[in-house]
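Report on one structure; see the data block that follows.
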Amino acid sequence: MNINIDVNHNENITEVTVGGEIDVYTAPELKKELIPLSEKDNVEMIVDLSGVSYMDSTGLGVFVGLFKNVRAHDGQFKIIGLSSRLKRLFEITGLADIIDISTKMEGEKK
Amino acid sequence: MDFRQKLESKYREILTNYLADRSEQALYQGQKLSRNAIERNIPPEEIVSIHRNIMAEMFPEKFNDKMQESFDILLEVMVAYGFAYREHQNLKHIQQELRTEMEIAANVQKTLLGTEVPCKKGMDIGAISVPAKHMNGDYFNFVEDENNSVSIAIADVIGKGLPAALCMSMIKYAMDSLPENRKTPTLVLENLNRVVEQNVDLTMFITMFYGTYHIDDHIFSYASAGHEPGLFYHAETQTFSELPAKGLLLGIEKNTKYRKYEKEVMPGDMIILMSDGVTESRTKEGFIEREELLALIEKNIHLKAQNIVQNVYKELEKLQDFQLRDDFTLIILRRNVLS
């Protein structure tokens with residue numbers, strides 16, 4: 001049960017890299033770290049989930065919250081590096097239609 | 001003699017015995033005494049104080065002032081342990097209270113959200129829903145309509161435990177209060193979406209599948225708000241296929257529209273609905289694959305719907321070492337062969 005969260009501010013872009021497992025135990029930490037970042041005006045946030053081995057619906061909830069916050073602050077939100085399993089989660093829930101998810105990125109982990 | 005006096009005389013006896021022969025027996029007596037003292041909330045510094053007094057009495061010469069005074073430090077140090085211990089006792093007490101409250105809440109939830117699996121001529125319905133913790137974040141509800149149809153709602157609130165359960169109760173009442181003519185699958189989802197969007201925390205959302213089985217013409221019409229896709233079993237070809245359904249989660253966008261789907265059900269066909277607790281079943285080797293789930297259903301397919309869902313649950317529970325990670329709900333509606 002562990003999670004790594006890495007945040008990089010690159011000019012106007014906030015790059016977040018998450019690794020490990022996102023579930024009911026680790027989601028609160030993710031929420032605490034990322035929600036404040038999403039509350040800035042015009043924030044541009046890119047979240048890389050290629051290092052995530054497991055995510056349940058609690059984790060999905062954190063990203064829904066981030067997305068809503070960023071949108072409310074006229075920002076941009078993007079998720080990259082989704083495994084096929086995670087991609088399915090975004091597709092089933094209809095979130096793939098409203099959140100920009102890209103399956104490809106350089107150096108994607110298996 | 002009150003307990004403190006008894007304690008002192010017992011302690012004296014044990015100490016005397018031990019100093020005389022250093023026996024295991026006396027040590028054992030000491031352990032027993034400490035258990036008794038703990039039960040009576042005697043703080044550790046009091047025991048130290050008793051020890052000092054007895055030693056001073058027994059060995060007035062050897063147990064000199066300096067030695068006695070050294071015990072003041074030990075007493076002081078033990079005081080903090082006493083506090084920590086009492087705090088621990090307190091927390092244990094509070095925890096017990098909370099546990100009792102949770103049990104009551106779980107029972108209230110069962111009553112509030114209780115639903116009966118309908119008995120309809122020509123149909124065979126089975127349902128099981130098991131929470132991973134006390135409170136169930138999964139929810140299902142059957143409604144029998146006047147126009148000879150059965151509606152089924154199956155929903156999953158993200159998050160588990162108490163917050164999810166509270167949210168579920170809100171959904172249940174929002175659904176119950178919809179007028180009869182607004183209970184088509186798409187309208188139900190569109191209405192609930194507005195309720196959830198206004199009332200629920202930013203990171204909370206709900207998935208829901210709503211379907212209505214029209215018994216007269218055996219058409220199953222349904223819509224989905226981001227819910228785990230259901231399955232369809234074709235009796236004629238003995239094959240499974242996914243029940244296609246697309247739709248956004250409840251509570252994300254205020255004016256979401258949901259699409260209506262329809263499926264004709266032939267004799268022996270089955271509609272299989274579930275929560276993600278079924279597909280997210282995790283074993284030591286990884287997630288359970290869709291094929292494994294289908295194989296489990298197939299293995300039990302000759303049984304009544306209720307027995308199928310129960311057997312599938314039992315096997316998946318066993319595969320997960322009896323530790324559910326997520327709430328588990330599985331529902332089967334079958335059109336009887338002779339109908």
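Convention: chains lettered A, B, ... in structure tokens order; per-chain residue numbering from 1; ligands numbered from 1 as shown.
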
At a cut-off of 12 Å, using only C-alpha atoms, what residues contact range 161-168 of chain B? Leave out same-chain residues fewer than 5 positions from it and give the result as a VMD selection string.
(chain A and resid 24 58) or (chain B and resid 98 101 to 110 112 to 114 131 to 141 153 to 156 173 to 175 192 195 to 197 199 to 201 203 to 208 251 326 to 327)

Would you mind exporting C-alpha atoms of the selected residues as a compact mmCIF listing (two decimals), in the first residue's frame?
```
# COMPACT_ATOMS: atom_id res chain seq x y z
CA VAL A 24 -9.23 4.19 -0.45
CA THR A 58 -11.87 6.36 -4.88
CA LEU B 98 -18.43 3.96 17.75
CA GLU B 101 -23.15 3.09 16.58
CA MET B 102 -21.85 1.71 13.28
CA GLU B 103 -23.71 -1.51 13.84
CA ILE B 104 -26.91 0.38 14.52
CA ALA B 105 -26.33 2.56 11.44
CA ALA B 106 -25.74 -0.55 9.32
CA ASN B 107 -29.06 -1.94 10.51
CA VAL B 108 -30.84 1.33 9.82
CA GLN B 109 -29.34 1.29 6.34
CA LYS B 110 -30.57 -2.22 5.76
CA LEU B 112 -34.00 2.08 4.73
CA LEU B 113 -32.59 0.60 1.58
CA GLY B 114 -34.23 -2.77 1.84
CA PRO B 131 -20.51 -4.89 1.85
CA ALA B 132 -16.71 -4.94 2.25
CA LYS B 133 -17.10 -3.10 5.54
CA HIS B 134 -20.05 -2.42 7.83
CA MET B 135 -21.90 -0.11 5.49
CA ASN B 136 -22.69 -0.94 1.90
CA GLY B 137 -21.83 1.64 -0.78
CA ASP B 138 -23.52 -0.53 -3.39
CA TYR B 139 -27.21 -0.29 -3.77
CA PHE B 140 -29.90 -2.04 -5.73
CA ASN B 141 -33.61 -1.58 -5.81
CA ALA B 153 -31.63 0.18 -10.23
CA ILE B 154 -28.07 -0.74 -9.34
CA ALA B 155 -25.68 1.90 -8.10
CA ASP B 156 -22.26 2.31 -6.58
CA TYR B 173 -35.33 8.94 -1.58
CA ALA B 174 -34.77 11.06 -4.65
CA MET B 175 -35.69 8.03 -6.74
CA LEU B 192 -30.79 11.88 -10.13
CA VAL B 195 -29.75 15.88 -7.34
CA VAL B 196 -26.26 14.47 -6.99
CA GLU B 197 -24.61 17.35 -8.82
CA ASN B 199 -25.54 17.93 -3.16
CA VAL B 200 -22.42 15.91 -3.24
CA ASP B 201 -18.79 16.65 -2.47
CA THR B 203 -14.64 14.18 -5.32
CA MET B 204 -17.68 12.02 -4.79
CA PHE B 205 -19.70 10.51 -7.58
CA ILE B 206 -22.12 7.74 -8.24
CA THR B 207 -22.42 5.18 -10.98
CA MET B 208 -25.86 3.84 -11.75
CA GLY B 251 -22.91 14.30 -10.41
CA ASP B 326 -14.88 -3.61 -2.42
CA ASP B 327 -18.62 -3.93 -1.96
```

Near chain A, meaning an atom within 6 Å, which residues of chain B appear when counting only C-alpha atoms? Write them as a ChimeraX atom specification.
/B:158-159,202-204,226,247-249

Expected answer as a PDB file with C-alpha atoms, in the first residue's frame: helix (DSSP H, G or I) residues in chain A:
```
ATOM      1  CA  ALA A  27      -6.416   8.610  -2.144  1.00  0.00           C
ATOM      2  CA  PRO A  28      -6.641  11.047   0.813  1.00  0.00           C
ATOM      3  CA  GLU A  29      -2.926  11.792   0.478  1.00  0.00           C
ATOM      4  CA  LEU A  30      -3.295  12.372  -3.247  1.00  0.00           C
ATOM      5  CA  LYS A  31      -6.255  14.636  -2.614  1.00  0.00           C
ATOM      6  CA  LYS A  32      -4.376  16.644   0.011  1.00  0.00           C
ATOM      7  CA  GLU A  33      -1.407  17.171  -2.309  1.00  0.00           C
ATOM      8  CA  LEU A  34      -3.211  17.928  -5.535  1.00  0.00           C
ATOM      9  CA  PRO A  36      -4.788  22.911  -3.601  1.00  0.00           C
ATOM     10  CA  LEU A  37      -2.788  22.970  -6.850  1.00  0.00           C
ATOM     11  CA  SER A  38      -6.001  22.811  -8.849  1.00  0.00           C
ATOM     12  CA  GLU A  39      -7.475  25.870  -7.181  1.00  0.00           C
ATOM     13  CA  SER A  57     -13.052   4.323  -7.871  1.00  0.00           C
ATOM     14  CA  THR A  58     -11.871   6.363  -4.881  1.00  0.00           C
ATOM     15  CA  GLY A  59      -8.851   7.350  -6.973  1.00  0.00           C
ATOM     16  CA  LEU A  60     -11.112   8.185  -9.870  1.00  0.00           C
ATOM     17  CA  GLY A  61     -12.980  10.484  -7.495  1.00  0.00           C
ATOM     18  CA  VAL A  62      -9.824  12.476  -6.829  1.00  0.00           C
ATOM     19  CA  PHE A  63      -9.328  13.067 -10.554  1.00  0.00           C
ATOM     20  CA  VAL A  64     -12.966  14.020 -11.002  1.00  0.00           C
ATOM     21  CA  GLY A  65     -12.490  16.582  -8.214  1.00  0.00           C
ATOM     22  CA  LEU A  66      -9.300  17.901  -9.809  1.00  0.00           C
ATOM     23  CA  PHE A  67     -10.953  18.159 -13.185  1.00  0.00           C
ATOM     24  CA  LYS A  68     -13.935  20.054 -11.788  1.00  0.00           C
ATOM     25  CA  ASN A  69     -11.706  22.444  -9.853  1.00  0.00           C
ATOM     26  CA  VAL A  70      -9.420  23.154 -12.783  1.00  0.00           C
ATOM     27  CA  ARG A  71     -12.399  23.755 -15.048  1.00  0.00           C
ATOM     28  CA  ALA A  72     -13.980  26.097 -12.508  1.00  0.00           C
ATOM     29  CA  SER A  84      -5.401  -0.242 -20.699  1.00  0.00           C
ATOM     30  CA  ARG A  85      -7.098  -1.145 -17.434  1.00  0.00           C
ATOM     31  CA  LEU A  86      -7.243   2.464 -16.275  1.00  0.00           C
ATOM     32  CA  LYS A  87      -8.321   3.610 -19.711  1.00  0.00           C
ATOM     33  CA  ARG A  88     -11.260   1.218 -19.496  1.00  0.00           C
ATOM     34  CA  LEU A  89     -12.214   2.791 -16.154  1.00  0.00           C
ATOM     35  CA  PHE A  90     -12.296   6.254 -17.760  1.00  0.00           C
ATOM     36  CA  GLU A  91     -14.266   4.954 -20.715  1.00  0.00           C
ATOM     37  CA  ILE A  92     -16.903   3.066 -18.740  1.00  0.00           C
ATOM     38  CA  LEU A  95     -15.069  10.531 -18.191  1.00  0.00           C
ATOM     39  CA  ALA A  96     -12.981   9.853 -21.301  1.00  0.00           C
ATOM     40  CA  ASP A  97     -15.423  12.071 -23.196  1.00  0.00           C
TER      41      ASP A  97
END
```

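Atom pair CA of Cys119 in chain B / CA of Leu333 in chain B has a distance of 11.0 Å (rounded to one decimal).
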
Tell me which protein, DNA and RNA residues are within 6 Å of Asp48 in chain A, counting only C-alpha atoms, leaving out same-chain ones fewer than 6 positions away, and put them as a ChimeraX atom specification.
/A:17,79-81

Once you have the residues from the selection above, write them out as a PDB file, in the first residue's frame, restricted to C-alpha atoms.
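Saved to out_28.pdb:
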```
ATOM      1  CA  THR A  17       3.641  12.143 -11.657  1.00  0.00           C
ATOM      2  CA  ILE A  79      -4.149  12.876 -17.877  1.00  0.00           C
ATOM      3  CA  ILE A  80      -1.450  10.860 -19.610  1.00  0.00           C
ATOM      4  CA  GLY A  81       0.072   7.399 -19.350  1.00  0.00           C
TER       5      GLY A  81
END
```
